[in-house]
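Undergrad: Next comes target-v9.cif, mmCIF, C-alpha atoms:
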data_start
#
loop_
_atom_site.label_atom_id
_atom_site.label_comp_id
_atom_site.auth_asym_id
_atom_site.auth_seq_id
_atom_site.Cartn_x
_atom_site.Cartn_y
_atom_site.Cartn_z
CA MET H 1 0.00 0.00 0.00
CA THR H 2 1.12 3.57 -0.70
CA GLU H 3 2.80 5.23 2.25
CA ILE H 4 2.29 8.97 2.65
CA LYS H 5 4.07 11.12 5.19
CA VAL H 6 3.51 14.77 5.98
CA LEU H 7 6.51 16.21 7.77
CA GLY H 8 6.27 19.44 9.73
CA PRO H 9 6.33 20.86 13.23
CA GLY H 10 2.55 21.25 13.45
CA CYS H 11 2.27 24.66 11.81
CA PRO H 12 -0.95 25.71 10.00
CA LYS H 13 0.60 24.92 6.58
CA CYS H 14 1.47 21.42 7.79
CA LYS H 15 -2.07 20.86 9.02
CA THR H 16 -3.49 22.09 5.71
CA THR H 17 -1.19 19.74 3.79
CA TYR H 18 -2.30 16.83 5.96
CA SER H 19 -5.99 17.56 5.44
CA ASN H 20 -5.34 18.05 1.70
CA VAL H 21 -3.81 14.56 1.61
CA LEU H 22 -6.90 13.08 3.22
CA GLU H 23 -9.10 14.99 0.77
CA ALA H 24 -7.00 13.81 -2.19
CA LEU H 25 -7.34 10.19 -1.08
CA LYS H 26 -11.09 10.61 -0.74
CA LYS H 27 -11.38 12.16 -4.20
CA SER H 28 -9.15 9.65 -5.94
CA GLY H 29 -10.41 6.56 -4.13
CA ILE H 30 -6.81 5.49 -3.59
CA GLU H 31 -5.97 3.75 -0.34
CA ALA H 32 -2.84 4.75 1.53
CA ASN H 33 -1.30 4.80 4.96
CA VAL H 34 -0.99 8.43 6.04
CA GLU H 35 1.38 9.48 8.76
CA LYS H 36 1.97 12.90 10.28
CA VAL H 37 5.61 13.31 11.33
CA GLU H 38 6.16 16.07 13.87
CA ASP H 39 9.25 14.65 15.56
CA ILE H 40 12.25 16.87 14.80
CA GLU H 41 14.73 14.00 14.91
CA GLU H 42 12.67 12.03 12.41
CA MET H 43 12.48 15.11 10.17
CA MET H 44 16.24 15.61 10.33
CA LYS H 45 16.78 12.05 9.14
CA TYR H 46 15.22 13.13 5.87
CA ASN H 47 17.34 16.31 5.70
CA VAL H 48 14.23 18.43 5.83
CA LEU H 49 14.98 22.16 5.80
CA THR H 50 11.72 23.81 4.85
CA THR H 51 8.33 22.50 5.92
CA PRO H 52 5.80 21.13 5.26
CA VAL H 53 7.12 18.18 3.29
CA LEU H 54 4.96 15.68 1.42
CA MET H 55 6.53 12.24 1.02
CA ILE H 56 5.08 9.42 -1.00
CA ASP H 57 6.68 6.01 -0.60
CA GLU H 58 9.74 7.52 1.12
CA GLN H 59 10.36 10.04 -1.68
CA ILE H 60 10.10 13.78 -1.11
CA LYS H 61 7.57 15.12 -3.61
CA ILE H 62 6.80 18.64 -2.36
CA LYS H 63 8.64 20.71 0.21
CA GLY H 64 8.35 24.14 1.76
CA ARG H 65 4.77 24.78 0.75
CA VAL H 66 1.23 23.46 1.01
CA ALA H 67 0.54 20.62 -1.42
CA GLN H 68 -2.74 21.25 -3.18
CA VAL H 69 -5.40 18.53 -3.40
CA SER H 70 -5.24 18.36 -7.21
CA GLU H 71 -1.47 17.96 -7.31
CA ILE H 72 -1.55 15.28 -4.62
CA VAL H 73 -4.11 13.39 -6.69
CA GLU H 74 -1.80 13.68 -9.71
CA LEU H 75 1.20 12.49 -7.71
CA LEU H 76 -0.76 9.51 -6.41
CA LYS H 77 -1.80 8.46 -9.93
CA ARG H 78 1.82 8.26 -11.15
CA MET Q 1 13.28 22.85 23.42
CA GLU Q 2 13.18 20.18 20.76
CA ASN Q 3 13.78 16.67 22.01
CA GLN Q 4 16.48 15.22 19.81
CA THR Q 5 19.94 13.70 19.99
CA LEU Q 6 21.41 14.31 16.53
CA VAL Q 7 22.60 17.88 17.13
CA LYS Q 8 24.24 19.37 20.18
CA GLU Q 9 22.46 22.52 21.36
CA ILE Q 10 23.82 25.46 23.31
CA CYS Q 11 22.14 28.49 24.81
CA PRO Q 12 22.75 32.14 23.81
CA THR Q 13 25.07 32.72 26.77
CA THR Q 14 27.28 29.80 25.79
CA THR Q 15 27.11 30.99 22.20
CA GLN Q 16 28.60 34.31 23.33
CA GLN Q 17 31.57 32.39 24.74
CA TRP Q 18 31.91 30.41 21.51
CA VAL Q 19 31.86 33.70 19.56
CA LYS Q 20 34.65 35.07 21.73
CA ASN Q 21 36.64 31.93 20.93
CA GLY Q 22 36.25 32.51 17.21
CA ALA Q 23 33.21 30.42 16.31
CA LEU Q 24 31.34 31.21 13.13
CA LEU Q 25 27.62 31.96 13.36
CA VAL Q 26 25.44 30.91 10.45
CA ASP Q 27 22.10 32.73 10.35
CA VAL Q 28 19.51 30.81 8.32
CA ARG Q 29 16.82 33.49 8.35
CA GLU Q 30 15.73 35.01 5.06
CA LYS Q 31 17.50 38.17 3.88
CA ALA Q 32 14.60 40.54 4.59
CA ALA Q 33 14.51 39.46 8.25
CA VAL Q 34 18.26 39.85 8.60
CA GLU Q 35 18.10 43.36 7.14
CA GLN Q 36 15.58 44.32 9.83
CA LEU Q 37 17.47 42.85 12.75
CA ALA Q 38 20.79 41.00 12.77
CA TYR Q 39 23.18 39.41 15.23
CA ASP Q 40 26.10 41.78 15.80
CA VAL Q 41 29.07 39.42 16.07
CA PRO Q 42 32.45 39.41 14.29
CA ASN Q 43 32.11 36.12 12.41
CA ILE Q 44 28.70 35.59 10.85
CA ILE Q 45 27.32 34.60 7.47
CA ASN Q 46 23.75 34.52 6.25
CA ILE Q 47 22.60 31.47 4.31
CA PRO Q 48 18.79 31.56 4.15
CA LEU Q 49 17.05 28.23 4.55
CA SER Q 50 15.59 28.65 1.06
CA GLU Q 51 19.15 28.66 -0.39
CA PHE Q 52 20.70 26.29 2.09
CA GLU Q 53 20.91 23.15 -0.03
CA GLU Q 54 22.77 25.06 -2.76
CA ARG Q 55 25.05 27.06 -0.49
CA PHE Q 56 25.86 24.96 2.56
CA HIS Q 57 29.32 24.21 1.08
CA GLU Q 58 30.25 27.81 1.98
CA ILE Q 59 30.35 26.73 5.63
CA PRO Q 60 33.86 25.59 6.61
CA LYS Q 61 34.15 22.09 8.03
CA ASP Q 62 37.23 22.90 10.09
CA LYS Q 63 35.69 25.70 12.18
CA LYS Q 64 33.33 25.65 15.12
CA VAL Q 65 29.93 26.64 13.79
CA VAL Q 66 26.81 27.79 15.62
CA MET Q 67 23.58 27.69 13.66
CA VAL Q 68 21.13 30.47 14.52
CA CYS Q 69 17.70 31.73 13.45
CA LYS Q 70 14.77 33.54 15.09
CA GLY Q 71 13.50 30.88 17.48
CA GLY Q 72 15.93 27.99 17.23
CA SER Q 73 13.86 25.48 15.23
CA SER Q 74 14.84 26.30 11.64
CA SER Q 75 18.50 26.45 12.57
CA LEU Q 76 18.17 23.06 14.27
CA ARG Q 77 16.95 21.49 11.03
CA ALA Q 78 19.82 23.16 9.17
CA ALA Q 79 22.29 21.88 11.77
CA GLY Q 80 20.89 18.38 11.35
CA PHE Q 81 21.34 18.74 7.60
CA LEU Q 82 25.00 19.66 8.12
CA VAL Q 83 25.62 16.78 10.52
CA ASN Q 84 24.13 14.43 7.93
CA HIS Q 85 26.58 15.91 5.41
CA GLY Q 86 29.66 15.18 7.49
CA TYR Q 87 29.99 18.33 9.59
CA SER Q 88 31.15 17.46 13.08
CA ASN Q 89 31.82 20.92 14.58
CA VAL Q 90 28.25 22.18 14.31
CA VAL Q 91 25.90 23.07 17.16
CA ASN Q 92 22.52 24.76 17.27
CA MET Q 93 21.71 27.82 19.37
CA GLN Q 94 18.48 27.23 21.26
CA HIS Q 95 15.75 29.88 21.37
CA GLY Q 96 17.29 31.98 18.58
CA LEU Q 97 17.34 35.71 18.19
CA ASP Q 98 14.32 36.16 20.46
CA ARG Q 99 16.25 34.95 23.50
CA TRP Q 100 19.48 36.63 22.30
CA VAL Q 101 17.70 39.99 22.40
CA GLN Q 102 16.09 39.25 25.76
CA LYS Q 103 19.52 38.58 27.17
CA GLY Q 104 20.69 41.97 25.88
CA PHE Q 105 23.31 40.54 23.55
CA PRO Q 106 24.52 42.70 20.63
CA THR Q 107 22.32 43.22 17.60
CA LYS Q 108 22.04 45.56 14.66
CA GLY Q 109 18.60 46.88 13.78
CA ASP Q 110 15.18 47.23 15.35
CA ILE Q 111 14.80 45.06 18.45
CA THR Q 112 11.13 46.03 18.85
CA LEU Q 113 10.49 43.42 16.13
CA VAL Q 114 11.33 40.66 18.60
CA SER Q 115 8.43 39.34 20.64
CA GLY Q 116 8.67 39.20 24.39
CA GLU Q 117 7.14 35.73 24.52
CA GLY Q 118 9.04 32.76 25.81
CA SER Q 119 10.91 34.60 28.54
CA CYS Q 120 9.96 32.04 31.17
CA CYS Q 121 13.53 31.17 32.12
CA SER Q 122 15.42 34.33 31.25
CA SER Q 123 16.39 34.84 34.87
CA SER Q 124 18.12 31.47 35.09
CA GLY Q 125 21.48 32.96 34.22
CA CYS Q 126 21.87 30.76 31.18
CA CYS Q 127 19.17 29.94 28.65
#
With the file now loaded, output its structure as structure tokens.
TA:
Amino acid sequence: MTEIKVLGPGCPKCKTTYSNVLEALKKSGIEANVEKVEDIEEMMKYNVLTTPVLMIDEQIKIKGRVAQVSEIVELLKR
Amino acid sequence: MENQTLVKEICPTTTQQWVKNGALLVDVREKAAVEQLAYDVPNIINIPLSEFEERFHEIPKDKKVVMVCKGGSSSLRAAGFLVNHGYSNVVNMQHGLDRWVQKGFPTKGDITLVSGEGSCCSSSGCC
């Protein structure tokens, strides 16, 4: 199953990204495990500098900004 | 502060001692913020977080380096990035410019831009 992670310290942009992920999954009908990563040590493992970060299957797809629902859907279809 | 073990963290008072001993400060705030209010220390460079991946090579590996920002979180991520790229002399300054100003340490610019929040332990003599 697809693994999605939203990395960020819990800022409003991170929360928006997380809810956009849930919305994208609902719209696309794709099933995925979604995890919110707020632990700084975990974030540093991925060399995250700017947040939020959207990861799909351990690959950084979008960083430093809110991922929009439509682009998450597109990323999930690839 | 952040609960992590990857990066050593020091407080602003200890940072002052490091500065006196020749450490380099790396400020990861964006340029506009630095223009408004900056750390006033002899050895400092500004590499904004948005340019960090392209420019981190400018930071010498053979010098003691203290990463700084406004509140201590962004610079911690940058410090972690450096540690993951083989830097061993890097520490993060906890609480950032906000605490630096509260402690009355030297700055250039408008200190009214710094919030007074988070001063819970400013009387502790250290952080």
Undergrad: Apply the PyMOL selection byres ((chain H and resi 16-25) around 6) to the file shown and report the selected residues as an mmCIF file with C-alpha atoms, keeping the file's coordinate frame.
TA:
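Below you can see selection34.cif, which holds the result:
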data_model
loop_
_atom_site.group_PDB
_atom_site.id
_atom_site.type_symbol
_atom_site.label_atom_id
_atom_site.label_comp_id
_atom_site.auth_asym_id
_atom_site.auth_seq_id
_atom_site.Cartn_x
_atom_site.Cartn_y
_atom_site.Cartn_z
ATOM 1 C CA LYS H 13 0.600 24.920 6.580
ATOM 2 C CA CYS H 14 1.470 21.420 7.790
ATOM 3 C CA LYS H 15 -2.070 20.860 9.020
ATOM 4 C CA LYS H 26 -11.090 10.610 -0.740
ATOM 5 C CA LYS H 27 -11.380 12.160 -4.200
ATOM 6 C CA SER H 28 -9.150 9.650 -5.940
ATOM 7 C CA GLY H 29 -10.410 6.560 -4.130
ATOM 8 C CA ILE H 30 -6.810 5.490 -3.590
ATOM 9 C CA VAL H 66 1.230 23.460 1.010
ATOM 10 C CA ALA H 67 0.540 20.620 -1.420
ATOM 11 C CA VAL H 69 -5.400 18.530 -3.400
ATOM 12 C CA VAL H 73 -4.110 13.390 -6.690
#
Undergrad: Which residue out of Q:Val101, Q:Ile45, Q:Leu6, Q:Ala33 has the minimum interatomic distance to chain H when only C-alpha atoms are used?
TA: Q:Leu6
Undergrad: Determine the residue membership of the PyMOL selection byres ((chain Q) within 9 of (chain H)) for the file above and supply it as a PyMOL selection string.
TA: chain Q and resi 2-6+49-50+52-53+73-82+84
Undergrad: Name the residues captured by the PyMOL selection byres ((chain H and resi 62) around 10) when it is applied to the shown file; answer as a list in words.
TA: Val6, Thr51, Pro52, Val53, Leu54, Met55, Ile56, Gln59, Ile60, Lys61, Lys63, Gly64, Arg65, Val66, Ala67, Gln68, Glu71, Ile72 and Leu75 of chain H
Undergrad: Quote the spacing between CA of Lys63 in chain Q and CA of Val26 in chain Q in Å to one decimal place.
TA: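 If I compute the distance from CA of Lys63 in chain Q to CA of Val26 in chain Q, I get 11.6 Å.
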Undergrad: Expressed in Å to a single decimal, how great is the separation between CA of Asp40 in chain Q and CA of Thr15 in chain Q?
TA: 12.6 Å
Undergrad: Could you work out how far CA of Val114 in chain Q lies from CA of Leu97 in chain Q, giving the answer in Å with one decimal?
TA: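 CA of Val114 in chain Q lies at a distance of 7.8 Å from CA of Leu97 in chain Q.
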Undergrad: Mind checking which residues fall within 10 Å of Ile10 in chain Q, counting only C-alpha atoms, ignoring those fewer than 6 positions away in the same chain, and posting them as a list in words?
TA: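 Counting only C-alpha atoms, the residues come to Trp18, Val66, Met67, Val91, Asn92, Met93, Gln94, His95, Cys126 and Cys127 of chain Q.
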Undergrad: Check the smallest atom-to-atom distance from each of Q:Gly104, Q:Phe56, Q:Leu25, Q:Arg99 to His85 in chain Q using only C-alpha atoms, then report the winner.
TA: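 When distances to His85 in chain Q are compared using only C-alpha atoms, the smallest one comes from Q:Phe56.
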